[in-house]
file input13.txt (compact mmCIF, C-alpha atoms)
# COMPACT_ATOMS: atom_id res chain seq x y z
CA MET A 1280 119.60 75.05 70.55
CA LEU A 1281 123.17 76.15 71.33
CA THR A 1282 122.26 76.96 74.94
CA ARG A 1283 120.72 73.52 75.30
CA LEU A 1284 123.87 72.00 73.80
CA ILE A 1285 126.14 73.78 76.31
CA PHE A 1286 123.85 72.74 79.15
CA CYS A 1287 124.16 69.10 78.05
CA PHE A 1288 127.95 69.42 78.01
CA VAL A 1289 128.05 70.86 81.52
CA LEU A 1290 125.78 68.14 82.90
CA LEU A 1291 127.79 65.44 81.20
CA PHE A 1292 131.24 66.71 82.14
CA THR A 1293 130.91 68.18 85.62
CA ALA A 1294 133.40 65.96 87.45
CA PRO A 1295 133.60 65.39 91.20
CA ALA A 1296 136.46 67.03 93.10
CA GLY A 1297 139.69 65.16 92.52
CA ALA A 1298 138.60 63.45 89.32
CA ILE A 1299 140.96 63.34 86.35
CA LEU A 1300 139.16 63.38 83.03
CA VAL A 1301 140.82 61.29 80.35
CA ASN A 1302 140.10 60.65 76.72
CA PRO A 1303 137.25 58.11 76.56
CA THR A 1304 137.31 54.98 74.46
CA PHE A 1305 135.50 55.95 71.29
CA ASN A 1306 133.31 53.86 69.04
CA PRO A 1307 134.64 53.68 65.49
CA PRO A 1308 134.55 57.24 64.10
CA ARG A 1309 132.95 58.29 60.85
CA TYR A 1310 134.07 61.14 58.61
CA MET A 1311 131.67 64.08 58.25
CA GLN A 1312 131.93 67.40 56.42
CA THR A 1313 131.00 70.80 57.81
CA THR A 1314 128.18 72.54 55.96
CA GLU A 1315 129.07 75.94 57.45
CA ASP A 1316 131.56 77.43 59.89
CA ALA A 1317 130.99 75.42 63.08
CA ASP A 1318 131.86 76.28 66.69
CA ILE A 1319 133.62 73.57 68.66
CA TRP A 1320 133.60 72.97 72.40
CA ALA A 1321 135.74 70.95 74.79
CA HIS A 1322 136.37 70.27 78.45
CA ILE A 1323 139.28 72.50 79.54
CA GLY A 1324 140.21 72.17 83.20
CA ASN A 1325 136.94 72.13 85.12
CA ARG A 1326 134.80 73.81 82.45
CA VAL A 1327 133.30 73.12 79.07
CA ILE A 1328 134.14 76.12 76.91
CA SER A 1329 134.26 77.26 73.30
CA VAL A 1330 137.66 76.25 71.92
CA GLY A 1331 137.44 77.52 68.35
CA ARG A 1332 135.74 76.64 65.10
CA ILE A 1333 136.06 74.44 62.03
CA GLU A 1334 135.67 76.11 58.64
CA GLN A 1335 132.95 75.25 56.16
CA GLY A 1336 133.75 72.30 53.89
CA GLN A 1337 136.28 70.68 56.22
CA VAL A 1338 136.21 66.99 57.10
CA LEU A 1339 136.44 65.61 60.64
CA ALA A 1340 136.26 62.14 62.14
CA VAL A 1341 133.40 62.20 64.64
CA VAL A 1342 131.64 59.74 66.91
CA PRO A 1343 127.84 59.62 66.86
CA THR A 1344 125.98 60.18 70.15
CA ASP A 1345 122.34 60.21 71.21
CA ALA A 1346 122.62 63.92 72.03
CA ASP A 1347 122.50 66.96 69.73
CA TYR A 1348 126.23 66.88 69.09
CA TYR A 1349 129.00 64.66 67.78
CA GLU A 1350 132.22 63.97 69.69
CA PHE A 1351 135.73 64.08 68.25
CA ASN A 1352 139.32 63.86 69.45
CA PHE A 1353 140.50 67.18 70.87
CA GLY A 1354 143.98 67.19 72.42
CA PHE A 1355 144.02 64.77 75.35
CA GLY A 1356 140.24 64.73 75.61
CA THR A 1357 137.01 65.13 73.72
CA GLY A 1358 135.60 67.91 71.57
CA PHE A 1359 131.96 68.54 70.68
CA ILE A 1360 130.31 69.89 67.56
CA ASP A 1361 126.62 70.52 66.84
CA LYS A 1362 125.13 67.87 64.52
CA ARG A 1363 123.35 70.56 62.50
CA HIS A 1364 126.68 71.74 61.08
CA LEU A 1365 127.73 68.39 59.57
CA LYS A 1366 126.74 66.08 56.73
CA PRO A 1367 128.08 62.73 55.54
CA VAL A 1368 131.04 62.95 53.18
CA GLN A 1369 129.93 62.54 49.58
CA GLY A 1370 131.97 60.48 47.13
CA LYS A 1371 135.55 59.34 47.65
CA LEU A 1372 137.21 60.79 50.74
CA ARG A 1373 140.31 62.88 49.96
CA ILE A 1374 142.17 64.41 52.90
CA GLN A 1375 145.52 66.08 52.25
CA ASP A 1376 147.31 64.91 55.41
CA ARG A 1377 150.45 63.81 53.63
CA LEU A 1378 152.95 65.64 55.87
CA GLY A 1379 152.55 63.62 59.04
CA ASP A 1380 151.46 60.43 60.76
CA LEU A 1381 148.07 60.39 62.49
CA ASN A 1382 149.12 57.40 64.57
CA LYS A 1383 152.33 58.97 65.87
CA PRO A 1384 152.32 59.23 69.70
CA LEU A 1385 151.97 62.77 71.00
CA SER A 1386 155.12 64.42 72.30
CA ASN A 1387 155.66 65.82 75.81
CA GLN A 1388 155.31 69.30 74.36
CA ASN A 1389 152.34 71.65 74.08
CA LEU A 1390 151.69 74.93 72.38
CA LEU A 1391 150.06 77.86 74.15
CA THR A 1392 147.56 80.21 72.55
CA TRP A 1393 147.39 83.76 73.91
CA GLN A 1394 145.03 84.81 71.13
CA ALA A 1395 142.87 83.01 68.59
CA VAL A 1396 145.19 81.24 66.10
CA THR A 1397 144.57 79.93 62.60
CA LEU A 1398 144.73 76.19 61.91
CA TYR A 1399 146.11 75.54 58.43
CA ASN A 1400 145.88 72.38 56.33
CA GLU A 1401 149.55 72.76 55.44
CA PRO A 1402 152.53 74.63 56.98
CA ASP A 1403 151.87 77.61 54.74
CA THR A 1404 149.80 80.72 55.42
CA GLN A 1405 148.60 80.54 51.81
CA SER A 1406 147.06 77.09 52.36
CA GLN A 1407 143.40 76.59 53.13
CA PRO A 1408 142.49 77.16 56.80
CA LEU A 1409 141.08 74.17 58.65
CA GLY A 1410 139.73 76.37 61.40
CA VAL A 1411 140.62 78.43 64.44
CA LEU A 1412 141.90 77.50 67.90
CA ALA A 1413 140.69 79.83 70.65
CA GLU A 1414 142.90 81.83 73.01
CA ASN A 1415 144.08 80.59 76.42
CA LEU A 1416 144.57 76.94 75.51
CA ARG A 1417 147.31 74.36 75.96
CA TYR A 1418 147.32 71.93 73.05
CA PRO A 1419 149.60 68.92 72.40
CA ILE A 1420 152.12 69.15 69.59
CA ASN A 1421 152.74 66.20 67.27
CA SER A 1422 155.93 67.59 65.79
CA LYS A 1423 157.62 70.72 64.45
CA LEU A 1424 159.20 71.72 61.16
CA LYS A 1425 160.76 74.78 59.57
CA ASP A 1426 159.55 76.12 56.25
CA ARG A 1427 161.70 77.59 53.48
CA LEU A 1428 161.76 80.93 55.31
CA ASN A 1429 163.08 79.21 58.45
CA GLN A 1430 159.78 79.79 60.25
CA THR A 1431 158.76 77.10 62.76
CA TRP A 1432 155.39 75.39 62.42
CA PHE A 1433 153.66 73.24 65.04
CA GLN A 1434 151.80 70.19 63.83
CA ILE A 1435 148.75 69.20 65.89
CA ARG A 1436 146.00 66.58 65.61
CA ILE A 1437 142.30 67.43 65.86
CA GLY A 1438 139.35 65.22 64.90
CA ASN A 1439 141.70 62.71 63.21
CA ARG A 1440 143.06 65.52 61.06
CA LEU A 1441 146.50 67.10 61.03
CA ALA A 1442 146.66 70.86 61.26
CA TRP A 1443 149.44 73.44 61.41
CA VAL A 1444 149.94 76.47 63.63
CA SER A 1445 152.54 79.14 62.98
CA SER A 1446 155.02 79.87 65.78
CA LEU A 1447 154.35 83.54 65.05
CA GLU A 1448 150.90 83.01 66.60
CA ALA A 1449 151.59 80.52 69.43
CA GLN A 1450 154.37 79.66 71.90
CA GLU A 1451 155.85 76.41 73.10
CA ASP A 1452 154.76 75.53 76.64
CA ASN A 1453 157.53 76.00 79.22
CA GLY A 1454 155.57 74.47 82.08
CA ILE A 1455 153.01 75.20 84.79
CA PRO A 1456 154.13 77.24 87.84
CA VAL A 1457 153.50 75.57 91.19
CA LEU A 1458 153.59 78.48 93.64
CA THR A 1459 154.53 78.09 97.30
CA TRP A 1460 153.71 80.02 100.48
CA HIS A 1461 153.99 79.16 104.19
CA HIS A 1462 153.07 81.88 106.70
CA ILE A 1463 151.00 85.07 106.32
CA LEU A 1464 150.78 87.94 108.80
CA ARG A 1465 149.59 91.53 108.88
CA ASP A 1466 152.47 94.00 108.78
CA GLU A 1467 151.53 95.59 112.11
CA GLU A 1468 151.51 92.24 113.97
CA ASN A 1469 154.63 90.76 112.37
CA THR A 1470 157.34 91.50 114.93
CA ARG A 1471 159.04 88.10 115.03
CA PHE A 1472 159.02 86.85 111.42
CA ARG A 1473 159.62 90.06 109.49
CA HIS A 1474 162.97 88.84 108.14
CA THR A 1475 161.87 85.26 107.53
CA SER A 1476 161.73 84.62 103.78
CA THR A 1477 158.80 82.21 104.09
CA THR A 1478 156.57 84.79 105.82
CA THR A 1479 154.42 86.95 103.53
CA SER A 1480 152.31 89.97 104.42
CA VAL A 1481 148.53 89.83 104.04
CA ARG A 1482 148.73 92.91 101.82
CA ALA A 1483 151.33 91.34 99.51
CA PHE A 1484 149.42 88.07 99.23
CA SER A 1485 146.15 89.86 98.50
CA ASN A 1486 147.86 91.95 95.79
CA GLN A 1487 149.37 88.81 94.28
CA MET A 1488 145.98 87.08 94.11
CA THR A 1489 144.40 90.22 92.65
CA TRP A 1490 147.05 90.20 89.92
CA LEU A 1491 146.36 86.53 89.12
CA ARG A 1492 142.64 87.21 88.88
CA ASP A 1493 143.05 90.33 86.76
CA MET A 1494 145.38 88.50 84.37
CA GLY A 1495 142.82 85.72 83.89
CA TYR A 1496 144.65 82.86 85.60
CA THR A 1497 142.97 79.62 86.61
CA THR A 1498 144.10 77.74 89.73
CA LEU A 1499 144.61 74.02 89.27
CA SER A 1500 144.38 71.14 91.71
CA LEU A 1501 147.19 68.62 92.04
CA TYR A 1502 144.83 66.05 90.52
CA GLN A 1503 144.79 68.20 87.38
CA LEU A 1504 148.56 68.72 87.57
CA GLU A 1505 148.95 64.93 87.66
CA GLY A 1506 146.88 64.70 84.50
CA TYR A 1507 149.10 67.37 82.90
CA VAL A 1508 152.34 65.57 83.83
CA ASN A 1509 150.95 62.33 82.39
CA ASN A 1510 149.44 63.91 79.24
CA ARG A 1511 145.86 63.06 80.13
CA ILE A 1512 144.00 66.36 80.43
CA ASN A 1513 143.34 69.59 78.51
CA LEU A 1514 144.17 72.75 80.47
CA PRO A 1515 144.14 76.51 79.88
CA ALA A 1516 147.32 78.41 79.02
CA ARG A 1517 146.97 80.79 81.96
CA ALA A 1518 147.15 78.34 84.85
CA VAL A 1519 148.97 78.05 88.19
CA VAL A 1520 148.94 75.72 91.19
CA ILE A 1521 148.85 77.38 94.64
CA THR A 1522 150.37 75.46 97.56
CA PHE A 1523 150.90 76.17 101.26
CA ASP A 1524 153.33 74.09 103.32
CA ASP A 1525 153.13 73.19 107.04
CA GLY A 1526 149.46 73.87 107.92
CA LEU A 1527 149.90 77.06 109.94
CA LYS A 1528 146.95 78.78 111.57
CA SER A 1529 147.60 81.93 109.55
CA VAL A 1530 146.50 80.02 106.44
CA SER A 1531 142.94 79.66 107.72
CA ARG A 1532 142.95 83.15 109.23
CA TYR A 1533 144.33 85.12 106.27
CA ALA A 1534 144.96 83.08 103.10
CA TRP A 1535 141.66 81.21 103.04
CA PRO A 1536 139.36 84.29 102.90
CA VAL A 1537 141.44 85.93 100.15
CA LEU A 1538 141.44 82.79 97.99
CA LYS A 1539 137.74 82.26 98.61
CA GLN A 1540 136.99 85.85 97.60
CA TYR A 1541 138.62 85.34 94.21
CA GLY A 1542 137.22 81.86 93.61
CA PHE A 1543 140.68 80.27 93.71
CA THR A 1544 141.59 76.82 94.98
CA ALA A 1545 144.83 75.66 96.62
CA THR A 1546 146.59 72.73 98.24
CA ALA A 1547 147.57 72.65 101.93
CA PHE A 1548 150.44 70.28 102.72
CA ILE A 1549 149.85 69.36 106.37
CA ILE A 1550 152.29 68.05 109.00
CA SER A 1551 149.80 65.55 110.38
CA SER A 1552 151.41 65.17 113.84
CA ARG A 1553 150.98 68.90 114.50
CA ILE A 1554 147.24 69.12 113.94
CA LYS A 1555 145.63 70.60 117.07
CA ARG A 1556 142.60 69.02 118.69
CA HIS A 1557 141.07 72.44 119.38
CA PRO A 1558 141.76 75.89 117.89
CA GLN A 1559 144.40 77.92 119.69
CA LYS A 1560 143.96 81.55 120.66
CA TRP A 1561 145.61 83.65 117.95
CA ASP A 1562 149.20 84.67 118.72
CA PRO A 1563 151.13 86.19 115.79
CA LYS A 1564 154.41 85.90 117.72
CA SER A 1565 154.41 82.10 117.58
CA LEU A 1566 154.07 79.46 114.88
CA GLN A 1567 150.63 77.99 115.47
CA PHE A 1568 149.13 75.08 113.58
CA MET A 1569 145.57 74.54 112.43
CA SER A 1570 143.14 72.42 114.43
CA VAL A 1571 140.82 69.72 113.17
CA SER A 1572 137.90 72.14 112.92
CA GLU A 1573 140.01 74.80 111.18
CA LEU A 1574 141.20 72.30 108.59
CA GLN A 1575 137.62 71.22 108.02
CA SER A 1576 136.49 74.82 107.60
CA ILE A 1577 138.93 75.62 104.77
CA GLN A 1578 138.20 72.58 102.62
CA ASP A 1579 135.94 74.53 100.28
CA VAL A 1580 139.17 76.15 99.04
CA PHE A 1581 142.02 73.89 100.17
CA ASP A 1582 142.75 70.31 99.22
CA ILE A 1583 144.47 68.58 102.17
CA GLN A 1584 147.67 66.68 101.32
CA SER A 1585 150.75 65.39 103.16
CA HIS A 1586 153.83 67.17 104.51
CA THR A 1587 154.78 63.99 106.45
CA HIS A 1588 153.90 63.03 110.04
CA PHE A 1589 157.02 63.27 112.26
CA LEU A 1590 159.70 64.00 109.63
CA HIS A 1591 159.34 67.78 109.47
CA ARG A 1592 162.46 68.42 111.59
CA ILE A 1593 166.13 69.26 111.14
CA ASP A 1594 169.18 67.77 112.86
CA GLY A 1595 172.01 69.52 114.69
CA LEU A 1596 173.63 70.42 111.38
CA ARG A 1597 170.34 71.95 110.17
CA HIS A 1598 169.84 69.17 107.64
CA PRO A 1599 166.38 67.62 107.12
CA ILE A 1600 166.19 64.53 109.34
CA LEU A 1601 164.50 62.66 106.50
CA LEU A 1602 167.95 62.38 104.84
CA SER A 1603 169.35 60.39 107.79
CA ARG A 1604 166.39 58.02 108.17
CA SER A 1605 166.14 54.53 106.73
CA TYR A 1606 163.82 53.65 103.89
CA HIS A 1607 161.50 51.73 106.25
CA ASN A 1608 161.36 54.62 108.72
CA ILE A 1609 160.45 57.03 105.94
CA LEU A 1610 157.87 54.66 104.46
CA PHE A 1611 156.25 54.17 107.89
CA ASP A 1612 156.00 57.94 108.37
CA PHE A 1613 154.54 58.54 104.91
CA GLU A 1614 151.90 55.84 105.39
CA ARG A 1615 151.05 57.14 108.87
CA SER A 1616 150.58 60.65 107.49
CA ARG A 1617 148.20 59.40 104.79
CA ARG A 1618 146.12 57.57 107.41
CA ALA A 1619 146.02 60.58 109.75
CA LEU A 1620 144.88 62.92 106.96
CA ALA A 1621 142.21 60.52 105.65
CA GLN A 1622 139.72 62.12 108.06
CA PHE A 1623 139.87 65.23 105.84
CA ASN A 1624 140.51 63.69 102.45
CA PRO A 1625 140.16 60.05 101.33
CA HIS A 1626 142.47 60.85 98.40
CA VAL A 1627 145.78 61.84 100.04
CA LEU A 1628 147.90 61.23 96.94
CA TYR A 1629 150.44 64.06 97.02
CA LEU A 1630 153.47 64.84 99.18
CA SER A 1631 155.69 67.81 99.92
CA TYR A 1632 159.16 66.84 101.17
CA PRO A 1633 160.04 68.67 104.45
CA PHE A 1634 162.44 71.55 103.78
CA GLY A 1635 162.69 70.25 100.23
CA GLY A 1636 164.93 67.41 101.40
CA TYR A 1637 164.80 64.15 99.48
CA ASP A 1638 167.05 61.31 98.41
CA GLU A 1639 166.68 58.00 96.60
CA LYS A 1640 165.15 56.38 99.72
CA ALA A 1641 162.55 59.13 100.05
CA VAL A 1642 161.56 58.94 96.39
CA LYS A 1643 161.12 55.16 96.59
CA ALA A 1644 159.16 55.47 99.85
CA ALA A 1645 156.89 58.11 98.32
CA HIS A 1646 156.04 55.74 95.49
CA ASP A 1647 155.63 52.71 97.75
CA ALA A 1648 153.46 54.63 100.23
CA GLY A 1649 150.96 55.29 97.43
CA PHE A 1650 151.71 58.90 96.57
CA HIS A 1651 151.24 59.87 92.92
CA LEU A 1652 153.31 63.08 92.97
CA ALA A 1653 155.80 64.74 95.28
CA VAL A 1654 156.99 68.36 95.19
CA THR A 1655 160.40 69.75 96.09
CA THR A 1656 161.81 73.23 96.67
CA VAL A 1657 163.92 73.08 93.51
CA LYS A 1658 163.16 76.20 91.49
CA GLY A 1659 161.35 75.73 88.21
CA LYS A 1660 158.10 74.80 86.53
CA VAL A 1661 156.37 71.47 86.03
CA LYS A 1662 156.37 69.99 82.53
CA PRO A 1663 154.78 66.91 80.96
CA GLY A 1664 157.00 63.88 81.39
CA ASP A 1665 158.76 65.21 84.52
CA ASN A 1666 159.65 62.73 87.25
CA PRO A 1667 156.40 62.83 89.29
CA TYR A 1668 158.33 62.53 92.57
CA LEU A 1669 160.72 65.41 91.87
CA LEU A 1670 158.42 68.24 90.79
CA LYS A 1671 159.75 71.80 90.95
CA ARG A 1672 158.08 74.84 92.52
CA LEU A 1673 158.43 78.61 92.66
CA TYR A 1674 158.49 80.85 95.74
CA ILE A 1675 156.75 84.22 95.65
CA LEU A 1676 158.24 86.31 98.46
CA ARG A 1677 156.87 89.34 100.30
CA THR A 1678 159.69 91.41 98.83
CA ASP A 1679 158.89 90.39 95.26
CA SER A 1680 157.17 93.07 93.23
CA LEU A 1681 154.24 92.20 90.98
CA GLU A 1682 156.67 92.64 88.06
CA ASP A 1683 158.94 90.01 89.64
CA MET A 1684 155.95 87.71 90.04
CA ALA A 1685 154.89 88.27 86.44
CA ARG A 1686 158.38 87.30 85.22
CA LEU A 1687 158.39 84.13 87.34
CA ILE A 1688 154.96 83.01 86.20
CA SER A 1689 155.31 83.98 82.56
CA ASN A 1690 155.99 81.38 79.91
CA GLN A 1691 159.67 82.23 79.75
CA PRO A 1692 162.05 79.31 80.42
CA GLN A 1693 163.40 79.15 83.98
CA GLY A 1694 167.15 79.20 84.52

call {"tool": "encode", "arguments": {"input": "input13.txt", "output": "structure tokens"}}
result
Amino acid sequence: MLTRLIFCFVLLFTAPAGAILVNPTFNPPRYMQTTEDADIWAHIGNRVISVGRIEQGQVLAVVPTDADYYEFNFGFGTGFIDKRHLKPVQGKLRIQDRLGDLNKPLSNQNLLTWQAVTLYNEPDTQSQPLGVLAENLRYPINSKLKDRLNQTWFQIRIGNRLAWVSSLEAQEDNGIPVLTWHHILRDEENTRFRHTSTTTSVRAFSNQMTWLRDMGYTTLSLYQLEGYVNNRINLPARAVVITFDDGLKSVSRYAWPVLKQYGFTATAFIISSRIKRHPQKWDPKSLQFMSVSELQSIQDVFDIQSHTHFLHRIDGLRHPILLSRSYHNILFDFERSRRALAQFNPHVLYLSYPFGGYDEKAVKAAHDAGFHLAVTTVKGKVKPGDNPYLLKRLYILRTDSLEDMARLISNQPQG
């Protein structure tokens, strides 16, 4: 029965590439009571997974379906619970949710679970547990309070119930790391770019990806990051976004096979005017750009997005030329880039500013050209509610140790 239930979930919630799953419009919910401890499931990122359980005797607001499960509100999406574990509430309904407002809008703050955490009916470890939230989840916080011992409690909403999580068991979310690379070469062939900070060795990159895999990280698309910024999607706690700027040939030659091996996905920000008609013979001593066929060949791993058309240049003072261009010139370039890249991706919705250069004109042009997000080179992580056209990123350099990488990616606040 449970296997059949999971299979139904996967069929129902396998979204096409680029889709953002949002909380559906529910029919009026009804309150039901659990007859035994009941596992709950939800769509987290691209998968339907077990996200915890509700204890016996607890009441949830659920929505009837024609399937073998009920639906209920879970974070920014939908949870599922097997119908066999529920019965109609008998007698007068009494729910002790007196310490909060169910209709209060969710904040721009999440909690992170690194282990299974207990959901309490009140901010007190002696109160009756409502259930358990599984490890490796991001979950929206309604509010926070401190108890008489000065311990912080997070209030969350689940199935039209309020629940409490101790800060001793969960952390506040300090944002998702958007990681950036450019050029990758083997050590023995890197004679020209050895001292260029944006050039990484194949060995270092492979070790970095191995670390991400071994630590259980999920790679997110920018479509999912957009949902995160706008509070519209449930995501795992261990999550990163991988991006490559420029569209260099070394990405298809070296980065693509490593990412494919580990089942990771990434975003390639492409300078559309530099796409080659035919592949060039490999020359590690020059900066070569991918061809049409090479870009097509990496799309099982890479999502193709914009790094502008002609604006990836610097002036005589080594300033990005974008900063000296008019709004209309920038807008024209952004729109041209989106059209040029449409042959690879009909959803070119994201932009990387060349050399991280932007100003008020560029931000307005990014919006008016139809981009949903734009990333900078400002150091930091992406958080819900951030300006979508000024998103921060993190650079992982060849000289960074895995310990350095772990510190950057960890949930510690960035300076």

call {"tool": "residues_around", "arguments": {"input": "input13.txt", "residues": "range 1506-1514 of chain A", "least_positions_apart": "3", "cutoff": "6 Å", "atoms": "all atoms listed in the file", "output": "PDB file with C-alpha atoms, keeping the file's coordinate frame"}}
result
ATOM      1  CA  VAL A1301     140.820  61.290  80.350  1.00  0.00           C
ATOM      2  CA  ILE A1323     139.280  72.500  79.540  1.00  0.00           C
ATOM      3  CA  GLY A1324     140.210  72.170  83.200  1.00  0.00           C
ATOM      4  CA  PHE A1355     144.020  64.770  75.350  1.00  0.00           C
ATOM      5  CA  ARG A1417     147.310  74.360  75.960  1.00  0.00           C
ATOM      6  CA  GLN A1503     144.790  68.200  87.380  1.00  0.00           C
ATOM      7  CA  PRO A1663     154.780  66.910  80.960  1.00  0.00           C
ATOM      8  CA  GLY A1664     157.000  63.880  81.390  1.00  0.00           C
TER       9      GLY A1664
END

call {"tool": "atom_distance", "arguments": {"input": "input13.txt", "atom1": "CA of Pro1456 in chain A", "atom2": "CA of Gln1622 in chain A"}}
result
29.1 Å

call {"tool": "residues_around", "arguments": {"input": "input13.txt", "residues": "Leu1390 in chain A", "least_positions_apart": "5", "cutoff": "6 Å", "atoms": "all atoms listed in the file", "output": "MDAnalysis selection string"}}
result
chainID A and resid 1417:1418 1450:1452

call {"tool": "residues_around", "arguments": {"input": "input13.txt", "residues": "Arg1436 in chain A", "least_positions_apart": "6", "cutoff": "8 Å", "atoms": "all atoms listed in the file", "output": "list in words"}}
result
Phe1353, Gly1354, Leu1381, Ile1420, Asn1421 and Ala1442 of chain A

call {"tool": "closest_residue", "arguments": {"input": "input13.txt", "among": "A:Pro1667, A:Pro1599, A:Gly1356, A:Gly1649", "to": "Tyr1637 in chain A", "atoms": "only C-alpha atoms"}}
result
A:Pro1599

call {"tool": "atom_distance", "arguments": {"input": "input13.txt", "atom1": "CA of Pro1558 in chain A", "atom2": "CA of Leu1574 in chain A"}}
result
10.0 Å

call {"tool": "residues_around", "arguments": {"input": "input13.txt", "residues": "Arg1617 in chain A", "least_positions_apart": "4", "cutoff": "10 Å", "atoms": "all atoms listed in the file", "output": "number ranges by chain"}}
result
A: 1551, 1584-1588, 1612-1613, 1621-1622, 1624-1630, 1648-1650

call {"tool": "residues_around", "arguments": {"input": "input13.txt", "residues": "Val1411 in chain A", "least_positions_apart": "4", "cutoff": "12 Å", "atoms": "all atoms listed in the file", "output": "list in words"}}
result
Asp1316, Ala1317, Asp1318, Ile1319, Trp1320, Ser1329, Val1330, Gly1331, Arg1332, Ile1333, Glu1334, Gln1335, Thr1392, Gln1394, Ala1395, Val1396, Thr1397, Leu1398, Tyr1399, Asn1400, Gln1407, Leu1416, Ile1437, Ala1442, Trp1443, Val1444 and Glu1448 of chain A

call {"tool": "closest_residue", "arguments": {"input": "input13.txt", "among": "A:Met1494, A:Leu1464, A:Leu1441, A:Val1481", "to": "Trp1393 in chain A", "atoms": "all atoms listed in the file"}}
result
A:Met1494

call {"tool": "atom_distance", "arguments": {"input": "input13.txt", "atom1": "CA of Arg1363 in chain A", "atom2": "CA of Tyr1348 in chain A"}}
result
8.1 Å

call {"tool": "closest_residue", "arguments": {"input": "input13.txt", "among": "A:Ala1534, A:Leu1365, A:Leu1681, A:Ile1328", "to": "Met1311 in chain A", "atoms": "all atoms listed in the file"}}
result
A:Leu1365

call {"tool": "closest_residue", "arguments": {"input": "input13.txt", "among": "A:Pro1307, A:Gly1526, A:Pro1536, A:Pro1408", "to": "Ile1549 in chain A", "atoms": "all atoms listed in the file"}}
result
A:Gly1526

call {"tool": "closest_residue", "arguments": {"input": "input13.txt", "among": "A:Asp1647, A:Asp1562, A:Glu1401, A:Asp1524", "to": "Phe1581 in chain A", "atoms": "all atoms listed in the file"}}
result
A:Asp1524

call {"tool": "closest_residue", "arguments": {"input": "input13.txt", "among": "A:Lys1660, A:Gly1336, A:Lys1425, A:Tyr1606", "to": "His1646 in chain A", "atoms": "all atoms listed in the file"}}
result
A:Tyr1606

call {"tool": "axis_aligned_box", "arguments": {"input": "input13.txt", "around": "range 1404-1420 of chain A", "padding_each_side": "8 Å", "output": "AutoDock Vina command-line options"}}
result
--center_x 145.9 --center_y 75.4 --center_z 64.1 --size_x 28.4 --size_y 28.9 --size_z 40.6
